[in-house]
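Peer 1: Before anything else, here's the structure in question.
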Amino acid sequence: MQYSVGVLLVTFLGSLTALGLFLWSMSRGLFGAGETAGRVIFAPKEIGLVEDPAAGTATAEDQLQGVMNRTGHTGEFAVLTPEETDERALLDASSRLPVLIALSGAVLWLVIASMFGLMASIKLHAPDWLVEQSWLTFGRIRPAHLNAVAYGWCSLAGLGIAIWLFPRLLRTPLVGSRTAAAGVVLWLCGVTGGIIAILIGKSAGLEWLEFPWQVDIPLFLGGTLVGVALLRTLQRRRVPHLYVSVWYISAGLLWLPILLIVAKWPGIHFGVQQAAMNWWFGHNVLGLWFTPLGLAAIYYFLPKVLGKPIHSYHLSLVGFWTLAFFYSQVGGHHLIGGPVPGWLVTLSIVQSMMMIVPVVAVGVNQHRTAYGHLSALRYSPTLRFIVLGGMMYTLASIQGSMQSLRVVNTTTHFTHFTVAHAHLGLYGFFSLVMFGSMYFVMPRVLDWEWPYSRLISLHFWLVIGGFAVYFVGLSIGGWLQGMRMLDAARPFIDSVRVTEPFLISRTVGGTMMTLGHLVFAAHFVVMLLRRGTQREGAALLRRPVRLDTPAGVTAASRASA
Amino acid sequence: MRLRDGEVGVFKLAAGALMIIAFAAGALVVLPYFTLRNVPPPEGLTQYTDAQLRGRQSYIANGCIYCHSQQPRDPSVAPDMARGWGRPSVPGDYVYDRPHLLGTMRTGPDLFNIAVRQPSRDWHLGHLYQPRAYSPGSIMPAFPFLFERKRGAVAPDEVVVTLPPAFAREGERIVATQEALDLTAYLLSLDRSYPVRKTSAAP
């Protein structure tokens, strides 16, 4: 016990020192160029102009601009010159092929993953449903769900958005569009192979690492090809500063292959050491792959939609380095109470608490950027998803820190509470941010409007409502389950029985979420088939000037400036 | 493009990112590797037999791990011992476990010592075929695909599952497949009731 406390103190003080050193070096200008860097995502006189291609009608866009004008961030003198407009259209066009493949694949896997998830959920309260075929058994459908979500939907969406963002962030057309596209296709093949392997009973047996190592080779190569294309684009960049989103994406693409190689190298891991490695990977794939991709999207789209640079660029850099440092060591908290070395668990608990630093950095930054313009959420579908997703990031992270504390963990460990928490992160945060990003990106990729803005609303409310039911119910159920399990006077089966109503409510919530995804997927397909209206140029970049609304006047003065 | 003063270049970024992941891998992967590499198996622990290993593979393939842990905790943390799940496990218990099956979920009970609680092969076979025949209120899936339903004669070397009367069907016999027998052999190997010396590695 004494020893444990010592480790705790040393790690804590060490981390604080590292943080202090980092802040000191940043104040000396060793880490980035300060506030001007926050403006590189805008053209010289663009700040003040909103951009949301998903707003649908020109009226909605005017209303969005109107909100920003009224809330003190005027776009009156802001202009995007025709040359800049053309340049941006060129940048967007350069990444079209790989982005289209990645995002279409992502939507396909979203639908499949939702079906797996829903089936697994039903099976927990109807255990004799669909039991005759081995590939439909709960123990195969559940990992198929997790992997289809993580490596199918989330990774492909993240890759697609990253590929699309790079040309914009670097003001350089994507170099090697075909290389990136080949990478995405390889990734798709890898995921398909992995899911089939799980369903036919060839799982590798480790959570988050169920794909057999052979299947990880195409994933690894695919990710590398995308990385090569992005790196070549990076080398030709035409911006003075690397925006923080570039950091997140580059670092994520560097980290993932390392994680995969260490985790999947056949034959070296064993017993308890493998368990420690397992959660080093399991948490890092969240913290060093999905989180960076999600935050990269927030840091671009949030300021871009609002036409306003991020509140504090310095703070976003603090967030980046502290996230990388602290998050990479938290994995051990999955083994609290297990047969692992005590120092390992203690280290992870301390760093889980330190995670509050990057989370607050991101949270404050985001809040300060959007603050005062919340009515813009009404007109911008992108903003709605992204702002909400950002809030869930804060919530999920704070909850995660709390859950790592031994007092809380004793109850929540081994229960559905953890499952609910995992969904708050990967769904509430990451998936919502990806939905928002895709609403923004797709009209630019296809030069086509989202055909029905009502479907966007329907999608939004179904997934938000469904997720609320899912999360609240399962969290309560999981907590009660943990309490029953800790009560030695009660038989174990009590901890099973108490969860039943909540497992059913999870199915209800999950059904709503799945319906939302079907709406989204259908809308996506309709758009791919080019139903609805073509964009008259990219909205807010090249729309016809109209003089009948106050915002239209602004647009006219903009155009004549 | 040339770096400007005070700008984070691609190289600096990559170096920082690599250092950080190397540090984390050192703490969570490499250090445990070296500290645990030479942990000897406890005297009472034996290597799995071929049948048990095949059964272990089936345990993995059918995802038992998603509901069952294999890591009883210390009595000071949770009443795992009082539930009959066994003493807190130590790293030596897992020497032969590749891949590890510690698990993170207890929708069902811990199985690290299931053979101590349920030493009967017949119980396990019947329970796999229909959990609710033995454990009312259980939400474990039934695994009928590990069995064959037969009418008429059964060969002498085939293992027939004896179900409680309420769950048996007239004229139908449930015969265990080789996979069911292997899986049961693995479950019956899960007995870590031998004594261990408490190591400093245990929490």
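Chains: A, B, ... in order of the structure tokens. Residues: from 1 per chain. Ligands: from 1, in order shown.
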Fewer than 4 positions away in the same chain doesn't count, so skip those; otherwise give me all residues within 9 Å of range 127-130 of chain B, counting only C-alpha atoms, as a list in words.

Peer 2: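 Counting only the stated atoms, we get Asp128 of chain A; Asp122, Trp123, Tyr134, Ser135, Met140, Pro141, Ala142, Phe143, Pro144, Phe145, Leu146, Phe147, Val161, Leu163, Phe167, Ile174, Ala176, Ala180 and Thr184 of chain B.
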
Peer 1: Got time to write the residues from that selection, C-alpha atoms, as a JSON list (two decimals), in the first residue's frame?

Peer 2:
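To be explicit, this is the file written out as result_3.json:
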```
[["chain", "number", "residue", "atom", "x", "y", "z"],
["A", 128, "ASP", "CA", -33.11, -18.09, -27.34],
["B", 122, "ASP", "CA", -23.14, -33.71, -17.92],
["B", 123, "TRP", "CA", -24.05, -30.44, -16.22],
["B", 134, "TYR", "CA", -30.23, -25.42, -15.14],
["B", 135, "SER", "CA", -30.06, -21.78, -14.22],
["B", 140, "MET", "CA", -26.78, -16.85, -21.61],
["B", 141, "PRO", "CA", -27.43, -17.83, -25.23],
["B", 142, "ALA", "CA", -28.27, -21.46, -25.90],
["B", 143, "PHE", "CA", -25.73, -23.26, -28.11],
["B", 144, "PRO", "CA", -27.78, -25.87, -29.98],
["B", 145, "PHE", "CA", -25.31, -25.74, -32.87],
["B", 146, "LEU", "CA", -22.81, -27.58, -30.70],
["B", 147, "PHE", "CA", -25.18, -30.57, -30.59],
["B", 161, "VAL", "CA", -27.04, -35.14, -23.08],
["B", 163, "LEU", "CA", -31.78, -32.82, -19.96],
["B", 167, "PHE", "CA", -36.75, -29.49, -21.43],
["B", 174, "ILE", "CA", -29.35, -34.65, -27.92],
["B", 176, "ALA", "CA", -22.81, -33.71, -28.13],
["B", 180, "ALA", "CA", -19.06, -29.47, -27.34],
["B", 184, "THR", "CA", -16.47, -28.92, -21.83]]
```

Peer 1: Using only C-alpha atoms, which chain A residues lie at most 6 Å away from chain B, written as a list of chain:residue names?

Peer 2: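 Going by the stated atoms only, the list reads A:Gly29, A:Leu30, A:Phe31, A:Gly32, A:Ala33, A:Pro127, A:Glu132, A:Gly139, A:Arg140, A:Gly201, A:Ser203, A:Gly205, A:Phe270, A:Gly271, A:Val272, A:Gln273, A:Met277, A:Phe325, A:Ser328, A:Gln329, A:Gly337, A:Pro339, A:Pro341, A:Gly342, A:Phe414, A:Thr415, A:Leu486, A:Ala488.
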
Peer 1: So the first atom is CA of His283 in chain A and the second is CA of His311 in chain A; what is the distance between them in Å, to one decimal place?

Peer 2: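 These two atoms are separated by 29.0 Å.
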
Peer 1: Using only C-alpha atoms, which of the listed residues (A:Leu159, A:Leu219, A:Val107, A:Ile349) sits closest to Trp289 in chain A?

Peer 2: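 When distances to Trp289 in chain A are compared using only C-alpha atoms, the smallest one comes from A:Leu159.
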
Peer 1: Interatomic distance between CA of Gly436 in chain A and CA of Phe524 in chain A?

Peer 2: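 These atoms are spaced 13.2 Å apart.
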